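> Got run.tsv for you, TSV, C-alpha atoms:
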```tsv
chain	number	residue	atom	x	y	z
A	1	MET	CA	86.15	-150.18	-12.19
A	2	GLU	CA	83.58	-149.91	-14.97
A	3	ILE	CA	83.89	-146.61	-16.86
A	4	ARG	CA	80.43	-145.27	-16.08
A	5	THR	CA	80.70	-146.18	-12.38
A	6	ASP	CA	84.07	-144.46	-12.20
A	7	LEU	CA	82.54	-141.34	-13.73
A	8	GLU	CA	79.85	-141.43	-11.06
A	9	ARG	CA	82.58	-141.73	-8.41
A	10	VAL	CA	84.36	-138.62	-9.65
A	11	LEU	CA	81.11	-136.68	-9.73
A	12	TRP	CA	80.48	-137.63	-6.10
A	13	HIS	CA	83.96	-136.32	-5.34
A	14	GLU	CA	83.60	-133.02	-7.19
A	15	ILE	CA	80.05	-132.37	-6.04
A	16	GLY	CA	81.35	-132.93	-2.52
A	17	HIS	CA	83.63	-129.95	-3.09
A	18	LEU	CA	80.86	-128.01	-4.81
A	19	CYS	CA	78.50	-128.35	-1.84
A	20	ILE	CA	80.89	-126.51	0.44
A	21	ASP	CA	81.82	-123.96	-2.21
A	22	LEU	CA	78.17	-123.02	-2.75
A	23	ILE	CA	77.60	-122.45	0.95
A	24	GLU	CA	80.84	-120.49	1.29
A	25	ILE	CA	80.13	-118.03	-1.52
A	26	GLU	CA	76.47	-117.48	-0.63
A	27	ASP	CA	77.29	-114.17	1.05
A	28	SER	CA	80.37	-113.39	-1.06
A	29	PRO	CA	79.23	-111.65	-4.28
A	30	ASP	CA	82.84	-111.22	-5.43
A	31	PHE	CA	83.25	-115.01	-5.75
A	32	SER	CA	81.70	-117.40	-8.23
A	33	ILE	CA	81.94	-121.03	-9.33
A	34	ASP	CA	83.04	-120.98	-12.94
A	35	ASP	CA	83.38	-124.61	-13.93
A	36	LEU	CA	82.99	-128.23	-12.91
A	37	TRP	CA	84.69	-130.74	-15.17
A	38	ALA	CA	85.40	-134.45	-15.58
A	39	ASN	CA	88.29	-135.92	-17.60
A	40	TYR	CA	88.83	-139.47	-18.77
A	41	HIS	CA	92.35	-140.79	-19.47
A	42	LYS	CA	92.65	-144.43	-20.45
A	43	ILE	CA	96.36	-144.52	-19.55
A	44	ALA	CA	95.90	-142.96	-16.10
A	45	ILE	CA	98.25	-144.39	-13.47
A	46	SER	CA	95.39	-145.07	-11.05
A	47	GLU	CA	92.70	-147.72	-11.34
A	48	HIS	CA	90.40	-144.69	-11.51
A	49	LYS	CA	90.57	-143.30	-15.05
A	50	TRP	CA	88.28	-140.33	-14.42
A	51	GLU	CA	89.39	-137.18	-12.63
A	52	GLY	CA	87.75	-133.81	-12.23
A	53	GLY	CA	87.74	-130.40	-10.64
A	54	VAL	CA	85.72	-127.40	-9.51
A	55	ARG	CA	86.97	-123.88	-10.17
A	56	MET	CA	86.06	-121.00	-7.90
A	57	LEU	CA	87.04	-117.48	-8.94
A	58	PRO	CA	88.99	-115.59	-7.84
A	59	SER	CA	91.54	-117.94	-6.28
A	60	ILE	CA	93.05	-116.98	-2.93
A	61	LYS	CA	96.62	-117.48	-1.74
A	62	TYR	CA	97.01	-119.28	1.58
A	63	GLU	CA	98.47	-116.22	3.31
A	64	VAL	CA	95.42	-114.14	2.36
A	65	LEU	CA	93.04	-116.97	3.24
A	66	LEU	CA	94.37	-117.13	6.79
A	67	GLN	CA	93.34	-113.53	7.40
A	68	ASP	CA	89.70	-114.63	7.48
A	69	ASP	CA	88.73	-117.36	9.98
A	70	ASP	CA	85.48	-118.14	8.16
A	71	LYS	CA	87.20	-118.67	4.80
A	72	THR	CA	89.94	-120.71	6.45
A	73	SER	CA	87.33	-122.94	8.10
A	74	PHE	CA	85.39	-123.37	4.85
A	75	ALA	CA	88.63	-124.18	3.01
A	76	LEU	CA	89.55	-127.00	5.40
A	77	LEU	CA	86.05	-128.45	5.23
A	78	GLY	CA	85.89	-128.07	1.46
A	79	LEU	CA	89.20	-129.80	0.90
A	80	ILE	CA	88.16	-132.97	2.74
A	81	SER	CA	84.64	-132.91	1.31
A	82	GLY	CA	85.54	-134.50	-2.03
A	83	CYS	CA	87.14	-137.56	-0.48
A	84	VAL	CA	84.46	-137.87	2.19
A	85	PHE	CA	81.76	-137.94	-0.50
A	86	GLN	CA	83.78	-140.32	-2.67
A	87	THR	CA	84.42	-142.68	0.24
A	88	LEU	CA	80.75	-142.66	1.13
A	89	PHE	CA	79.78	-143.55	-2.44
A	90	LEU	CA	82.27	-146.42	-2.68
A	91	LYS	CA	81.68	-147.76	0.81
A	92	ASP	CA	77.95	-147.27	1.38
A	93	PHE	CA	76.52	-147.38	-2.15
A	94	LEU	CA	78.87	-149.67	-4.08
A	95	LYS	CA	79.83	-151.73	-0.99
A	96	VAL	CA	83.49	-151.82	-2.04
A	97	PRO	CA	85.33	-153.75	0.71
A	98	ASN	CA	88.14	-152.18	2.74
A	99	THR	CA	87.37	-148.68	1.48
A	100	GLY	CA	88.64	-145.81	3.61
A	101	PHE	CA	89.03	-142.04	3.50
A	102	GLU	CA	92.81	-142.49	3.47
A	103	ASP	CA	92.59	-144.35	0.14
A	104	CYS	CA	91.51	-141.07	-1.44
A	105	PHE	CA	92.99	-138.38	0.82
A	106	CYS	CA	96.63	-139.39	0.50
A	107	MET	CA	99.91	-138.28	-1.06
A	108	GLN	CA	100.41	-141.07	-3.58
A	109	GLN	CA	100.13	-140.20	-7.25
A	110	LYS	CA	97.21	-142.58	-7.71
A	111	CYS	CA	95.10	-140.96	-4.98
A	112	GLY	CA	92.08	-138.97	-6.13
A	113	GLY	CA	92.51	-136.45	-3.33
A	114	ARG	CA	96.27	-135.94	-3.70
A	115	GLY	CA	95.89	-132.26	-4.58
A	116	ASP	CA	93.36	-131.81	-1.79
A	117	ILE	CA	95.59	-133.20	0.94
A	118	ILE	CA	98.57	-131.16	-0.25
A	119	SER	CA	96.50	-127.98	0.04
A	120	PHE	CA	94.96	-129.10	3.35
A	121	LEU	CA	98.34	-129.79	4.96
A	122	GLY	CA	99.70	-126.54	3.56
A	123	ILE	CA	96.92	-124.56	5.24
A	124	THR	CA	97.03	-126.43	8.57
A	125	SER	CA	100.81	-126.03	8.65
A	126	LEU	CA	100.49	-122.27	8.24
A	127	ILE	CA	97.77	-122.13	10.92
A	128	ARG	CA	99.95	-123.99	13.41
A	129	ARG	CA	102.94	-121.83	12.59
A	130	LYS	CA	100.96	-118.58	12.81
A	131	TYR	CA	99.22	-119.34	16.10
A	132	ASP	CA	101.54	-121.97	17.55
A	133	LEU	CA	98.60	-124.33	17.88
A	134	ASN	CA	99.01	-127.47	19.92
A	135	LYS	CA	98.36	-131.13	19.21
A	136	ASP	CA	94.63	-130.69	19.99
A	137	PHE	CA	94.13	-128.74	16.77
A	138	THR	CA	96.11	-131.31	14.80
A	139	GLN	CA	94.06	-134.13	16.31
A	140	PHE	CA	90.82	-132.36	15.43
A	141	SER	CA	91.70	-131.23	11.91
A	142	GLU	CA	93.57	-134.31	10.71
A	143	ARG	CA	91.80	-137.10	12.63
A	144	GLU	CA	88.37	-136.10	13.95
A	145	LEU	CA	86.98	-133.67	11.37
A	146	GLN	CA	86.56	-136.23	8.58
A	147	HIS	CA	84.59	-138.59	10.87
A	148	ILE	CA	82.31	-135.84	12.21
A	149	TYR	CA	81.55	-134.73	8.66
A	150	TYR	CA	81.01	-138.30	7.44
A	151	ASP	CA	78.49	-138.90	10.24
A	152	ILE	CA	76.61	-135.71	9.41
A	153	ILE	CA	76.12	-136.91	5.83
A	154	THR	CA	75.28	-140.56	6.54
A	155	LYS	CA	72.68	-139.64	9.16
A	156	ASN	CA	70.86	-137.43	6.64
A	157	GLN	CA	69.20	-140.08	4.50
A	158	GLU	CA	66.90	-137.57	2.80
A	159	PHE	CA	69.91	-135.62	1.58
A	160	LEU	CA	71.76	-138.78	0.53
A	161	GLY	CA	68.89	-140.25	-1.44
A	162	SER	CA	68.20	-137.05	-3.34
A	163	LEU	CA	71.91	-136.45	-3.92
A	164	ASN	CA	72.31	-139.94	-5.36
A	165	SER	CA	69.48	-139.27	-7.83
A	166	LEU	CA	70.97	-135.90	-8.78
A	167	ILE	CA	74.44	-137.33	-9.41
A	168	SER	CA	72.99	-140.25	-11.37
A	169	HIS	CA	71.23	-137.73	-13.62
A	170	TYR	CA	74.41	-135.80	-14.40
A	171	THR	CA	76.38	-139.01	-14.80
A	172	ALA	CA	73.95	-140.04	-17.54
A	173	ILE	CA	74.32	-136.67	-19.29
A	174	ILE	CA	78.12	-136.74	-19.32
A	175	TYR	CA	78.41	-140.44	-20.14
A	176	ASP	CA	76.09	-140.03	-23.12
A	177	VAL	CA	78.39	-137.35	-24.53
A	178	TYR	CA	81.41	-139.56	-23.84
A	179	GLU	CA	79.81	-142.48	-25.67
A	180	GLN	CA	79.26	-140.29	-28.72
A	181	SER	CA	82.77	-138.82	-28.71
A	182	GLU	CA	85.31	-139.84	-31.34
A	183	ASN	CA	88.23	-140.19	-28.93
A	184	LYS	CA	87.23	-142.46	-26.06
A	185	ASP	CA	90.79	-142.79	-24.76
A	186	LYS	CA	91.00	-139.12	-23.78
A	187	PHE	CA	87.93	-137.06	-23.07
A	188	LYS	CA	86.93	-133.92	-21.15
A	189	TYR	CA	83.49	-132.58	-20.28
A	190	SER	CA	82.91	-129.20	-18.63
A	191	LEU	CA	79.68	-128.24	-16.93
A	192	LYS	CA	79.31	-124.57	-17.78
A	193	GLY	CA	76.55	-122.10	-18.46
A	194	ASN	CA	72.99	-123.38	-18.07
A	195	TYR	CA	74.01	-126.92	-17.07
A	196	LEU	CA	76.23	-125.61	-14.27
A	197	ASP	CA	73.64	-123.05	-13.17
A	198	SER	CA	71.00	-125.78	-13.05
A	199	LEU	CA	73.23	-128.06	-10.98
A	200	LYS	CA	74.10	-125.28	-8.54
A	201	GLU	CA	70.44	-124.34	-8.13
A	202	GLU	CA	69.31	-127.94	-7.61
A	203	LEU	CA	72.12	-128.68	-5.19
A	204	PHE	CA	71.63	-125.56	-3.10
A	205	LYS	CA	67.89	-126.20	-2.86
A	206	LEU	CA	68.61	-129.79	-1.81
A	207	MET	CA	71.08	-128.75	0.88
A	208	LYS	CA	68.71	-126.15	2.33
A	209	GLY	CA	65.65	-128.41	2.20
A	210	THR	CA	67.22	-131.39	3.96
A	211	GLY	CA	69.09	-129.61	6.75
A	212	PHE	CA	72.52	-130.37	5.28
A	213	TYR	CA	73.15	-126.65	4.84
A	214	ASP	CA	72.61	-125.90	8.54
A	215	ALA	CA	74.74	-128.88	9.60
A	216	VAL	CA	77.64	-127.70	7.44
A	217	LYS	CA	77.38	-124.15	8.78
A	218	GLY	CA	77.51	-125.58	12.29
A	219	LEU	CA	80.57	-127.68	11.51
A	220	LYS	CA	82.28	-124.69	9.94
A	221	GLU	CA	81.71	-122.80	13.19
A	222	SER	CA	83.27	-125.67	15.14
A	223	ILE	CA	86.41	-125.45	12.99
A	224	LYS	CA	86.46	-121.68	13.44
A	225	GLU	CA	86.20	-122.06	17.22
A	226	LYS	CA	89.23	-124.37	17.24
A	227	ILE	CA	91.24	-121.78	15.31
A	228	ILE	CA	90.09	-118.92	17.56
A	229	GLU	CA	90.95	-120.95	20.67
A	230	GLY	CA	94.44	-121.30	19.26
A	231	GLN	CA	94.65	-117.59	18.61
A	232	LYS	CA	93.67	-116.79	22.20
A	233	SER	CA	96.13	-119.25	23.71
A	234	SER	CA	98.88	-117.93	21.44
A	235	THR	CA	98.17	-114.32	22.48
A	236	SER	CA	98.05	-115.13	26.20
A	237	SER	CA	101.25	-117.20	26.25
```
Let me see the file written as structure tokens.

Amino acid sequence: MEIRTDLERVLWHEIGHLCIDLIEIEDSPDFSIDDLWANYHKIAISEHKWEGGVRMLPSIKYEVLLQDDDKTSFALLGLISGCVFQTLFLKDFLKVPNTGFEDCFCMQQKCGGRGDIISFLGITSLIRRKYDLNKDFTQFSERELQHIYYDIITKNQEFLGSLNSLISHYTAIIYDVYEQSENKDKFKYSLKGNYLDSLKEELFKLMKGTGFYDAVKGLKESIKEKIIEGQKSSTSS
């Protein structure tokens, strides 16, 4: 994949995570998003040479996370969000044939969402163990959730069009710095300070203005209901 296009792909992935993070921390003053970064490694094992990340502070251990159903629900949604956004970009914008969510959200070293799926399965495993949840929760969380979320995004063309323009803008900013860098085989760019604040403000305004925010809040509640149902059945059995 061409270097600039691959950078755009990774920004779709990381901004997918960022969307959920921004909604999650809206009413949590103790949490903040500290960094969003993109790295380029020419010798990367995957065909994708760019990778990235979003850092929320403070970090929470799984055991603590599971004490709050809202945070647990946001975590599950946030972890799939990167690969859902990436898949949408590759499949619907670039028209890459035979592109699927599982090409990103998988355990192989080359998969862009390898860390995400490890965390996702770690959390769902603890949920099932804690509440003895049945196969319905597994079916929902590991099979249905990604498709419901994907449909929410693809049906919101206003959100998608504006998001594409926003990501293209930041792709241009980062790629320009990369082009001017001395070492083009290994490169890192961090969005911090004013650039990160500007992105967060633009993205939050976009989500609120297009209805994406409300749709995500609704989906988070659906995940929460599935967990609570499991809690009730576990208590009554």
> Find the spatial neighbours of segment 78-94 of chain A, counting only C-alpha atoms, within a cut-off of 6 Å - ignore same-chain residues fewer than 5 positions away - and output them as a count of residues only.
10
> From the list A:Leu121, A:Asn98, A:Phe140, A:Ile43, which residue is nearest Glu225 of chain A when using all atoms listed in the file?
A:Phe140
> Which residues, written as a list in words, have at least one atom at most 12 Å from Gly161 of chain A, with all atoms listed in the file counted and residues fewer than 4 positions away on the same chain left out?
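Result of the neighbour search: Phe89, Asp92, Phe93, Ile153, Thr154, Lys155, Asn156, Gln157, Ser165, Leu166, Ile167, Ser168, Leu206, Met207 and Thr210 of chain A.
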> So which one's closest to Leu219 of chain A, A:Ser73, A:Glu179, A:Leu160, A:Lys110? Using all atoms listed in the file, please.
A:Ser73
> Measure the distance from atom CA of Lys188 of chain A to atom CA of Asn39 of chain A in Å and round it to one decimal.
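Distance reported for this atom pair: 4.3 Å.
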